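**Student:** Handing you this structure, nothing more for now.
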Amino acid sequence: MAYLEVRGLRKSYGTRSGPTAVLGGVDLTLEEGELAAVVGYSGSGKTTLVSLIAGLIAPDRGEILLEGVPVTGPGPERGVVFQQYSLLPWLSVRGNVALAVDAVNSGLPASERRRITDEFIALVNLTPAAWKRPRQLSGGMRQRVAVARGLAMRPKLLLMDEPFSAVDALTRATLQDELLRIWGERRSTVMLITNDVDEAILLADRIYPMTPGPDAVLGPAIEVGLPRPRQRRHMSLEPAYQKARQALVEFLRAARTAR
């Protein structure tokens with residue numbers, strides 16, 4: 001049995017003109033410790049898929065199993081990093097991360113919770129900014145706080161919904177490298193949502209392409225096949241990169257044309 005199993009997931013939303021089918025039967029699996037990606041066009045239903053796996057909304061049909069246990073609502077075993085930072089503006093970096101630490105470690109002494117909070121702030125290289133408020137941080141720093149907060153829950157599964165799309169290209173590259181470093185150290189199970197094919201290939205070992213909506217589904221998983229650690233400077237010269245990129249682009253183009 002896979003660590004995460006999604007079977008036949010369907011979801012529709014009501015509109016004035018009637019129901020709109022967003023997902024038309026999504027299937028996917030993730031193994032423990034895997035960093036996998038879902039890539040697709042904007043508006044195809046990727047965020048809906050994340051919200052379903054996070055338990056924030058309920059599917060119309062289908063099921064989600066994490067370690068064989070059905071997902072029926074939100075839970076600390078599933079952390080989410082959203083596209084927008086979703087930080088509490090009146091709290092410092094430390095305060096935002098401490099909220100997550102306290103939520104899952106309420107039985108520990110305060111000194112130990114502070115130590116864990118400091119550990120996750122250091123993990124994303126924000127110790128010098130620990131007492132700053134979100135308004136005092138750059139976009140990239142805010143997203144690092146969001147990543148630290150998500151990891152501080154020690155989730156079984158970390159869901160990342162286009163986490164780097166709201167920052168500039170240079171910051172995005174830095175955050176991608178940070179994610180690779182953190183994942184390499186901790187081997188958390190991560191599902192990344194993105195509309196960037198190259199980002200998916202750089203970060204993930206397995207990529208599911210998503211068809212455009214309505215009734216979006218996932219195509220067959222594409223194995224990246226690139227060794228780690230990966231160097232973006234030389235990655236495009238690798239035959240495995242070229243093969244994965246061609247397969248993804250051809251699938252996405254064909255799926256859009258078919259609509």
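All residue names refer to the structure tokens as shown: chains lettered A, B, ... in order, residues numbered from 1 in each chain, ligands numbered from 1 in order.
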Might you pull out every residue within 10 Å of A:Ile64, with only C-alpha atoms counted and same-chain residues fewer than 6 positions away left off, and present them as a count of residues only?
**Tutor:** 16
**Student:** Could you pull the residues within 12 Å of A:Gln136, counting only C-alpha atoms, minus those fewer than 6 positions along the same chain, as a tab-separated table (two decimals) with C-alpha atoms, in the first residue's frame?
**Tutor:**
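Full text of selection_16.tsv as output:
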chain	number	residue	atom	x	y	z
A	89	PRO	CA	0.73	39.94	10.71
A	90	TRP	CA	0.78	40.83	14.42
A	91	LEU	CA	3.16	37.99	15.28
A	92	SER	CA	6.90	37.85	14.69
A	93	VAL	CA	8.65	35.14	12.68
A	129	ALA	CA	15.06	37.93	11.60
A	130	ALA	CA	13.32	35.90	14.29
A	142	ARG	CA	7.82	35.42	4.33
**Student:** Calculated over only C-alpha atoms, which of the candidates A:Arg144, A:His234, A:Arg135, A:Arg154 has the smallest distance to A:Ile116?
**Tutor:** A:Arg154
**Student:** For A:Leu226, find every residue with an atom within 12 Å (counting only C-alpha atoms), except residues of its own chain fewer than 5 positions away, and show them as a list of chain:residue names.
**Tutor:**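 With the cut-off at 12 Å, the set is A:Ala200, A:Ile201, A:Leu202, A:Leu203, A:Ala204, A:Asp205, A:Arg206, A:Gln231, A:Arg232, A:His234, A:Met235, A:Ser236, A:Leu237, A:Glu238, A:Pro239, A:Ala240, A:Tyr241, A:Gln242, A:Lys243, A:Ala244, A:Arg245.
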**Student:** Calculated over only C-alpha atoms, which of the candidates A:Val39, A:Val22, A:Val124, A:Ala152 has the smallest distance to A:Leu179?
**Tutor:**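 Closest to A:Leu179, using only C-alpha atoms: A:Val124.
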**Student:** Rounded to one decimal, what separation in Å do you get between atom CA of A:Val197 and atom CA of A:Met153?
**Tutor:**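 Value for the atom CA of A:Val197-atom CA of A:Met153 distance: 28.6 Å.
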**Student:** Please run DSSP on the backbone and report, as an MDAnalysis selection string, all residues within stretch 40-254 of chain A that come out as strand (DSSP E or B).
**Tutor:** chainID A and resid 61:66 69:70 78:81 157:161 190:194 206:210 216 218 222:223
**Student:** Using only C-alpha atoms, which of A:Thr174, A:Thr48, A:Asn125, A:Ser188 sits nearest A:Leu157?
**Tutor:**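 Of A:Thr174, A:Thr48, A:Asn125, A:Ser188, the one nearest A:Leu157, counting only C-alpha atoms, is A:Ser188.
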**Student:** Between A:Glu250, A:Val145, A:Glu32, A:Asp60, which has the minimum distance to A:Pro19 (counting only C-alpha atoms)?
**Tutor:** A:Asp60
**Student:** Could you name the residues that touch A:Leu99 at 12 Å or less, counting only C-alpha atoms, but leaving out those on the same chain fewer than 3 positions away, as number ranges by chain?
**Tutor:** A: 87-88, 91-96, 102-106, 113-114, 116-117, 145-146, 148-153
**Student:** For A:Asn195, work out the shell of residues within 7 Å, counting only C-alpha atoms and skipping chain neighbours fewer than 4 positions away, then give it as a list in words.
**Tutor:**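 Skipping anything fewer than 4 positions along the chain leaves Val39, Gly40, Tyr41 and Ser42 of chain A.
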**Student:** Just the selected residues (N, CA and C atoms), exported as a PDB file, in the first residue's frame, please.
**Tutor:**
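Below is the file part32.pdb, written as the result:
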ATOM      1  N   VAL A  39       1.843  19.056 -12.000  1.00  0.00           N
ATOM      2  CA  VAL A  39       2.062  20.235 -12.832  1.00  0.00           C
ATOM      3  C   VAL A  39       0.904  20.380 -13.808  1.00  0.00           C
ATOM      4  N   GLY A  40       0.456  21.611 -13.985  1.00  0.00           N
ATOM      5  CA  GLY A  40      -0.656  21.855 -14.900  1.00  0.00           C
ATOM      6  C   GLY A  40      -0.880  23.334 -15.082  1.00  0.00           C
ATOM      7  N   TYR A  41      -1.771  23.668 -16.007  1.00  0.00           N
ATOM      8  CA  TYR A  41      -2.082  25.065 -16.289  1.00  0.00           C
ATOM      9  C   TYR A  41      -2.808  25.702 -15.109  1.00  0.00           C
ATOM     10  N   SER A  42      -2.720  27.025 -15.034  1.00  0.00           N
ATOM     11  CA  SER A  42      -3.477  27.760 -14.023  1.00  0.00           C
ATOM     12  C   SER A  42      -4.970  27.523 -14.231  1.00  0.00           C
TER      13      SER A  42
END
**Student:** When you draw a straight line from atom CA of A:Gln83 to atom CA of A:Arg256, how long is it in Å?
**Tutor:**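 Here the two named atoms are 23.8 Å from each other.
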**Student:** I need the alpha helix (DSSP H) residues of stretch 55-134 of chain A per DSSP on the backbone, written as a list in words.
**Tutor:** Val93, Arg94, Gly95, Asn96, Val97, Ala98, Leu99, Ala100, Val101, Asp102, Ala103, Val104, Ala110, Ser111, Glu112, Arg113, Arg114, Arg115, Ile116, Thr117, Asp118, Glu119, Phe120, Ile121, Ala122 and Leu123 of chain A
**Student:** Would you mind exporting the chosen residues as a PDB file, in the first residue's frame, restricted to C-alpha atoms?
**Tutor:**
ATOM      1  CA  VAL A  93       8.648  35.142  12.681  1.00  0.00           C
ATOM      2  CA  ARG A  94       9.143  33.360  15.976  1.00  0.00           C
ATOM      3  CA  GLY A  95       5.511  33.761  16.961  1.00  0.00           C
ATOM      4  CA  ASN A  96       4.205  32.366  13.677  1.00  0.00           C
ATOM      5  CA  VAL A  97       6.443  29.297  13.857  1.00  0.00           C
ATOM      6  CA  ALA A  98       5.770  28.829  17.580  1.00  0.00           C
ATOM      7  CA  LEU A  99       2.040  28.525  16.886  1.00  0.00           C
ATOM      8  CA  ALA A 100       2.692  25.354  14.905  1.00  0.00           C
ATOM      9  CA  VAL A 101       5.197  24.001  17.414  1.00  0.00           C
ATOM     10  CA  ASP A 102       2.841  24.585  20.352  1.00  0.00           C
ATOM     11  CA  ALA A 103      -0.076  22.981  18.496  1.00  0.00           C
ATOM     12  CA  VAL A 104       1.646  19.608  18.219  1.00  0.00           C
ATOM     13  CA  ALA A 110       8.008  25.683  27.345  1.00  0.00           C
ATOM     14  CA  SER A 111      11.812  25.625  27.137  1.00  0.00           C
ATOM     15  CA  GLU A 112      11.727  22.586  24.847  1.00  0.00           C
ATOM     16  CA  ARG A 113       9.064  24.169  22.647  1.00  0.00           C
ATOM     17  CA  ARG A 114      11.249  27.272  22.334  1.00  0.00           C
ATOM     18  CA  ARG A 115      14.193  25.090  21.341  1.00  0.00           C
ATOM     19  CA  ILE A 116      12.153  23.365  18.634  1.00  0.00           C
ATOM     20  CA  THR A 117      10.885  26.718  17.364  1.00  0.00           C
ATOM     21  CA  ASP A 118      14.451  28.018  17.108  1.00  0.00           C
ATOM     22  CA  GLU A 119      15.473  24.830  15.297  1.00  0.00           C
ATOM     23  CA  PHE A 120      12.939  25.351  12.511  1.00  0.00           C
ATOM     24  CA  ILE A 121      13.695  29.061  12.205  1.00  0.00           C
ATOM     25  CA  ALA A 122      17.376  28.185  11.796  1.00  0.00           C
ATOM     26  CA  LEU A 123      16.472  25.503   9.257  1.00  0.00           C
TER      27      LEU A 123
END
**Student:** So how far away is atom CA of A:Val190 from atom CA of A:Thr211, in Å?
**Tutor:** 21.2 Å
**Student:** With only C-alpha atoms as the counted atoms, please give the residues lying no more than 7 Å from A:Ile193, apart from itself and same-chain residues fewer than 6 positions off, as a ChimeraX atom specification.
**Tutor:** /A:37-39,46,160-162
**Student:** Can I get the selected residues back with N, CA and C atoms, as an mmCIF file, in the first residue's frame?
**Tutor:**
data_model
loop_
_atom_site.group_PDB
_atom_site.id
_atom_site.type_symbol
_atom_site.label_atom_id
_atom_site.label_comp_id
_atom_site.auth_asym_id
_atom_site.auth_seq_id
_atom_site.Cartn_x
_atom_site.Cartn_y
_atom_site.Cartn_z
ATOM 1 N N ALA A 37 5.481 15.866 -7.674
ATOM 2 C CA ALA A 37 4.887 17.122 -8.129
ATOM 3 C C ALA A 37 3.672 16.852 -8.998
ATOM 4 N N VAL A 38 2.747 17.804 -8.967
ATOM 5 C CA VAL A 38 1.626 17.859 -9.905
ATOM 6 C C VAL A 38 1.793 19.153 -10.683
ATOM 7 N N VAL A 39 1.843 19.056 -12.000
ATOM 8 C CA VAL A 39 2.062 20.235 -12.832
ATOM 9 C C VAL A 39 0.904 20.380 -13.808
ATOM 10 N N LYS A 46 -5.650 22.360 -9.541
ATOM 11 C CA LYS A 46 -4.566 21.909 -8.666
ATOM 12 C C LYS A 46 -4.803 22.312 -7.209
ATOM 13 N N MET A 160 2.455 21.601 -0.829
ATOM 14 C CA MET A 160 2.965 22.922 -1.202
ATOM 15 C C MET A 160 2.251 23.379 -2.470
ATOM 16 N N ASP A 161 1.388 24.379 -2.318
ATOM 17 C CA ASP A 161 0.537 24.841 -3.415
ATOM 18 C C ASP A 161 1.159 26.061 -4.096
ATOM 19 N N GLU A 162 1.912 25.817 -5.161
ATOM 20 C CA GLU A 162 2.610 26.880 -5.899
ATOM 21 C C GLU A 162 3.293 27.838 -4.927
#
**Student:** So, counting only C-alpha atoms, which residue among A:Gly62, A:Pro155, A:Gly68, A:Gly14 is closest to A:Val26?
**Tutor:** A:Gly62
